[in-house]
Amino acid sequence: MPVTKAQWGVVIVAAGRGTRMGTKESKQYLLLQDKPVLVHTMELFQGMDDIAEIVLVVGGDDVSRCETFASEYGLSKVKAVVHGGSERQHSVLRGLRATGTEWVMVHDGVRPLVTAEAVRRCMREAERSEACVLAVPVKDTIKQVNEAGVITATPDRRSLWAIQTPQAFRHVRLVEAHERAQADGFIGTDDAVVVERYGGIAVTVAEGEYTNIKITTPEDLPYATFLLAQRSQAEG
Ligand SMILES: Nc1ccn([C@@H]2O[C@H](COP(=O)(O)OP(=O)(O)OP(=O)(O)O)[C@@H](O)[C@H]2O)c(=O)n1
Ligand SMILES: C[C@](O)(CO)[C@H](O)COP(=O)(O)O
């Protein structure tokens, strides 16, 4: 009997204002080499055979320019461009409601350097565990510091991972968890924490890449440019 492949969609969230970047233009629209950061991100998923559809979540004023991106850059998998909310979590839920696949990933529009290999590791592990996120072990010693600037704890580094996106789930489970979180007024900084608290299942990690950076502060853009140039060189 032929094995049916899982059907996957991706919600790319890009409705943030980029306050830590401090530029007039939101960071997802800044040029990285020759294209906006967000276009690099969308192209990765457009090029993956395993991805059936992309839902893009953007600021209210940016819906039409992003619809233009989809035609300008041949992003035929973009099924919808929807208006995001005031918190990342609200943007995610709006995107999920526009997605129709059995399995879904949530990815930050400002992580343009994720690779197809890492995305596939996350998807395959999620098909096994139902909920999986990309992550890398932290390299620094992490300390908890109180408001007075005093160190209060040094957690064992062996248990600490820096969490990335994509984060992959069975669609119905993620929507249910987000709806419960919304009803409870809970806001977290990623989707995993919503499933950890409201999903009733364990979330596992798949090996990410240190180069899958989130463009957050001004030094990140030149670093991303350097990493992309290195990749192009390696590809010849
Ligand atoms: N209300 C929001 C807030 C964030 N995001 C998206 O979530 C991702 C990760 O968030 P972050 O890096 O914090 O982006 P910003 O919120 O834009 O940045 P800042 O916190 O510096 O304002 C980004 O792709 C961002 O556009 C979103 O879709 N909707
Ligand atoms: C989801 C995320 O990218 C995982 O690292 C991160 O938590 C987003 O956080 P931010 O505060 O929106 O940057």
# chains A, B, ... in the order shown; residues from 1 in each chain; ligands from 1

call {"tool": "residues_near_ligand", "arguments": {"ligand": "ligand 2", "cutoff": "7 Å", "atoms": "only C-alpha atoms and all ligand atoms", "output": "NGL selection string"}}
result
:A and (88 or 108 or 162-165 or 189-191 or 214 or 216)

call {"tool": "select_by_dssp", "arguments": {"residues": "stretch 2-196 of chain A", "states": "helix (DSSP H, G or I)", "output": "number ranges by chain"}}
result
A: 27-29, 37-46, 60-72, 88-97, 116-129, 157-159, 171-184, 191-196

call {"tool": "select_by_dssp", "arguments": {"residues": "stretch 68-218 of chain A", "states": "strand (DSSP E or B)", "output": "VMD selection string"}}
result
chain A and resid 78 to 83 103 to 108 131 to 137 144 to 145 151 to 153 161 to 170 204 to 207

call {"tool": "residues_around", "arguments": {"residues": "A:Gly185", "least_positions_apart": "3", "cutoff": "12 Å", "atoms": "only C-alpha atoms", "output": "JSON, numbers by chain"}}
result
{"A": [87, 89, 90, 178, 179, 180, 181, 182, 188, 194, 198]}

call {"tool": "residues_near_ligand", "arguments": {"ligand": "ligand 1", "cutoff": "8 Å", "atoms": "only C-alpha atoms and all ligand atoms", "output": "MDAnalysis selection string"}}
result
chainID A and resid 12:22 26:28 57:59 84:92 107:111 214:217

call {"tool": "residues_around", "arguments": {"residues": "A:Gly100", "least_positions_apart": "3", "cutoff": "10 Å", "atoms": "only C-alpha atoms", "output": "list of chain:residue names"}}
result
A:Gln7, A:Trp8, A:Gly9, A:Ala52, A:Glu53, A:Val55, A:Lys79, A:Leu96, A:Arg97, A:Trp103, A:Val104, A:His171, A:Val172

call {"tool": "write_last_selection", "arguments": {"atoms": "N, CA, C and O atoms", "output": "CSV table (one decimal), in the first residue's frame"}}
result
chain,number,residue,atom,x,y,z
A,7,GLN,N,0.4,16.1,5.3
A,7,GLN,CA,0.1,17.3,4.6
A,7,GLN,C,0.5,18.5,5.5
A,7,GLN,O,0.0,18.6,6.6
A,8,TRP,N,1.4,19.3,5.0
A,8,TRP,CA,2.0,20.4,5.9
A,8,TRP,C,1.7,21.7,5.3
A,8,TRP,O,1.9,22.0,4.1
A,9,GLY,N,1.4,22.7,6.2
A,9,GLY,CA,1.4,24.1,5.9
A,9,GLY,C,2.3,24.9,6.8
A,9,GLY,O,2.8,24.3,7.8
A,52,ALA,N,2.7,22.3,1.4
A,52,ALA,CA,1.6,22.5,0.5
A,52,ALA,C,1.1,24.0,0.4
A,52,ALA,O,0.7,24.5,-0.6
A,53,GLU,N,1.2,24.7,1.6
A,53,GLU,CA,0.7,26.1,1.6
A,53,GLU,C,1.4,26.9,2.6
A,53,GLU,O,1.9,26.4,3.6
A,55,VAL,N,0.8,30.6,4.8
A,55,VAL,CA,-0.1,31.7,5.2
A,55,VAL,C,0.8,32.7,5.8
A,55,VAL,O,1.6,32.4,6.7
A,79,LYS,N,-1.3,31.1,0.3
A,79,LYS,CA,-2.7,30.8,0.2
A,79,LYS,C,-3.4,32.1,0.7
A,79,LYS,O,-4.5,32.4,0.2
A,96,LEU,N,-3.3,30.6,11.9
A,96,LEU,CA,-3.7,29.2,12.0
A,96,LEU,C,-5.1,29.1,11.5
A,96,LEU,O,-5.5,28.1,10.9
A,97,ARG,N,-6.0,30.1,11.8
A,97,ARG,CA,-7.4,30.0,11.3
A,97,ARG,C,-7.5,30.0,9.8
A,97,ARG,O,-8.5,29.6,9.3
A,103,TRP,N,-1.1,19.2,9.3
A,103,TRP,CA,0.0,19.6,10.1
A,103,TRP,C,0.5,21.0,9.8
A,103,TRP,O,0.3,21.4,8.7
A,104,VAL,N,1.0,21.7,10.8
A,104,VAL,CA,1.4,23.1,10.6
A,104,VAL,C,2.6,23.4,11.3
A,104,VAL,O,2.9,22.9,12.4
A,171,HIS,N,-2.2,20.4,13.5
A,171,HIS,CA,-2.9,21.7,13.4
A,171,HIS,C,-4.0,21.8,14.5
A,171,HIS,O,-4.1,22.8,15.3
A,172,VAL,N,-4.8,20.7,14.6
A,172,VAL,CA,-6.0,20.8,15.6
A,172,VAL,C,-5.5,21.0,17.0
A,172,VAL,O,-6.1,21.8,17.8

call {"tool": "residues_around", "arguments": {"residues": "A:Glu125", "least_positions_apart": "2", "cutoff": "12 Å", "atoms": "only C-alpha atoms", "output": "PyMOL selection string"}}
result
chain A and resi 118-123+127-134+167-170+203-207

call {"tool": "write_last_selection", "arguments": {"atoms": "N, CA and C atoms", "output": "mmCIF file, in the first residue's frame"}}
result
data_model
loop_
_atom_site.group_PDB
_atom_site.id
_atom_site.type_symbol
_atom_site.label_atom_id
_atom_site.label_comp_id
_atom_site.auth_asym_id
_atom_site.auth_seq_id
_atom_site.Cartn_x
_atom_site.Cartn_y
_atom_site.Cartn_z
ATOM 1 N N ALA A 118 17.001 21.411 8.228
ATOM 2 C CA ALA A 118 16.554 21.602 9.615
ATOM 3 C C ALA A 118 15.029 21.572 9.691
ATOM 4 N N VAL A 119 14.377 22.185 8.715
ATOM 5 C CA VAL A 119 12.900 22.189 8.715
ATOM 6 C C VAL A 119 12.389 20.753 8.628
ATOM 7 N N ARG A 120 13.016 19.951 7.777
ATOM 8 C CA ARG A 120 12.561 18.545 7.628
ATOM 9 C C ARG A 120 12.789 17.760 8.910
ATOM 10 N N ARG A 121 13.895 18.020 9.604
ATOM 11 C CA ARG A 121 14.130 17.316 10.885
ATOM 12 C C ARG A 121 12.989 17.623 11.849
ATOM 13 N N CYS A 122 12.568 18.882 11.852
ATOM 14 C CA CYS A 122 11.492 19.310 12.766
ATOM 15 C C CYS A 122 10.171 18.630 12.379
ATOM 16 N N MET A 123 9.883 18.589 11.073
ATOM 17 C CA MET A 123 8.627 17.981 10.615
ATOM 18 C C MET A 123 8.581 16.489 10.936
ATOM 19 N N GLU A 127 5.948 14.572 13.373
ATOM 20 C CA GLU A 127 5.041 13.482 12.943
ATOM 21 C C GLU A 127 5.104 12.318 13.933
ATOM 22 N N ARG A 128 6.237 12.203 14.645
ATOM 23 C CA ARG A 128 6.379 11.149 15.658
ATOM 24 C C ARG A 128 5.790 11.596 17.001
ATOM 25 N N SER A 129 6.136 12.838 17.419
ATOM 26 C CA SER A 129 5.786 13.270 18.791
ATOM 27 C C SER A 129 4.533 14.139 18.855
ATOM 28 N N GLU A 130 4.084 14.634 17.702
ATOM 29 C CA GLU A 130 2.923 15.553 17.583
ATOM 30 C C GLU A 130 3.285 17.009 17.838
ATOM 31 N N ALA A 131 4.451 17.279 18.434
ATOM 32 C CA ALA A 131 4.813 18.671 18.717
ATOM 33 C C ALA A 131 6.329 18.753 18.846
ATOM 34 N N CYS A 132 6.949 19.535 17.981
ATOM 35 C CA CYS A 132 8.414 19.599 17.986
ATOM 36 C C CYS A 132 8.892 20.990 17.591
ATOM 37 N N VAL A 133 9.974 21.426 18.228
ATOM 38 C CA VAL A 133 10.553 22.729 17.874
ATOM 39 C C VAL A 133 12.040 22.561 17.597
ATOM 40 N N LEU A 134 12.571 23.420 16.746
ATOM 41 C CA LEU A 134 14.022 23.416 16.529
ATOM 42 C C LEU A 134 14.698 24.117 17.709
ATOM 43 N N GLN A 167 8.364 25.805 14.544
ATOM 44 C CA GLN A 167 7.795 24.967 15.589
ATOM 45 C C GLN A 167 6.622 24.238 14.928
ATOM 46 N N ALA A 168 6.586 22.916 15.077
ATOM 47 C CA ALA A 168 5.706 22.085 14.242
ATOM 48 C C ALA A 168 4.724 21.279 15.102
ATOM 49 N N PHE A 169 3.480 21.221 14.636
ATOM 50 C CA PHE A 169 2.409 20.601 15.447
ATOM 51 C C PHE A 169 1.339 20.000 14.542
ATOM 52 N N ARG A 170 0.517 19.118 15.137
ATOM 53 C CA ARG A 170 -0.732 18.750 14.475
ATOM 54 C C ARG A 170 -1.643 19.977 14.607
ATOM 55 N N VAL A 203 6.300 18.495 24.342
ATOM 56 C CA VAL A 203 6.897 19.079 23.130
ATOM 57 C C VAL A 203 8.356 18.619 23.080
ATOM 58 N N THR A 204 8.770 18.094 21.945
ATOM 59 C CA THR A 204 10.154 17.620 21.824
ATOM 60 C C THR A 204 10.987 18.619 21.007
ATOM 61 N N VAL A 205 12.306 18.432 21.046
ATOM 62 C CA VAL A 205 13.171 19.317 20.249
ATOM 63 C C VAL A 205 13.867 18.505 19.166
ATOM 64 N N ALA A 206 14.095 19.177 18.047
ATOM 65 C CA ALA A 206 14.929 18.618 16.976
ATOM 66 C C ALA A 206 16.111 19.559 16.815
ATOM 67 N N GLU A 207 17.218 18.997 16.349
ATOM 68 C CA GLU A 207 18.455 19.779 16.275
ATOM 69 C C GLU A 207 18.328 20.933 15.281
#

call {"tool": "atom_distance", "arguments": {"atom1": "atom CA of A:Gly200", "atom2": "atom CA of A:Arg173"}}
result
9.0 Å

call {"tool": "atom_distance", "arguments": {"atom1": "atom CA of A:Pro112", "atom2": "atom CA of A:Tyr210"}}
result
12.8 Å

call {"tool": "atom_distance", "arguments": {"atom1": "atom CA of A:Arg124", "atom2": "atom CA of A:Val39"}}
result
24.9 Å

call {"tool": "residues_around", "arguments": {"residues": "stretch 221-232 of chain A", "least_positions_apart": "5", "cutoff": "8 Å", "atoms": "only C-alpha atoms", "output": "ChimeraX atom specification"}}
result
/A:32-33,113,211,213,215

call {"tool": "closest_residue", "arguments": {"among": "A:Pro166, A:Tyr29, A:Asp156, A:Ala6", "to": "A:Arg65", "atoms": "only C-alpha atoms"}}
result
A:Tyr29
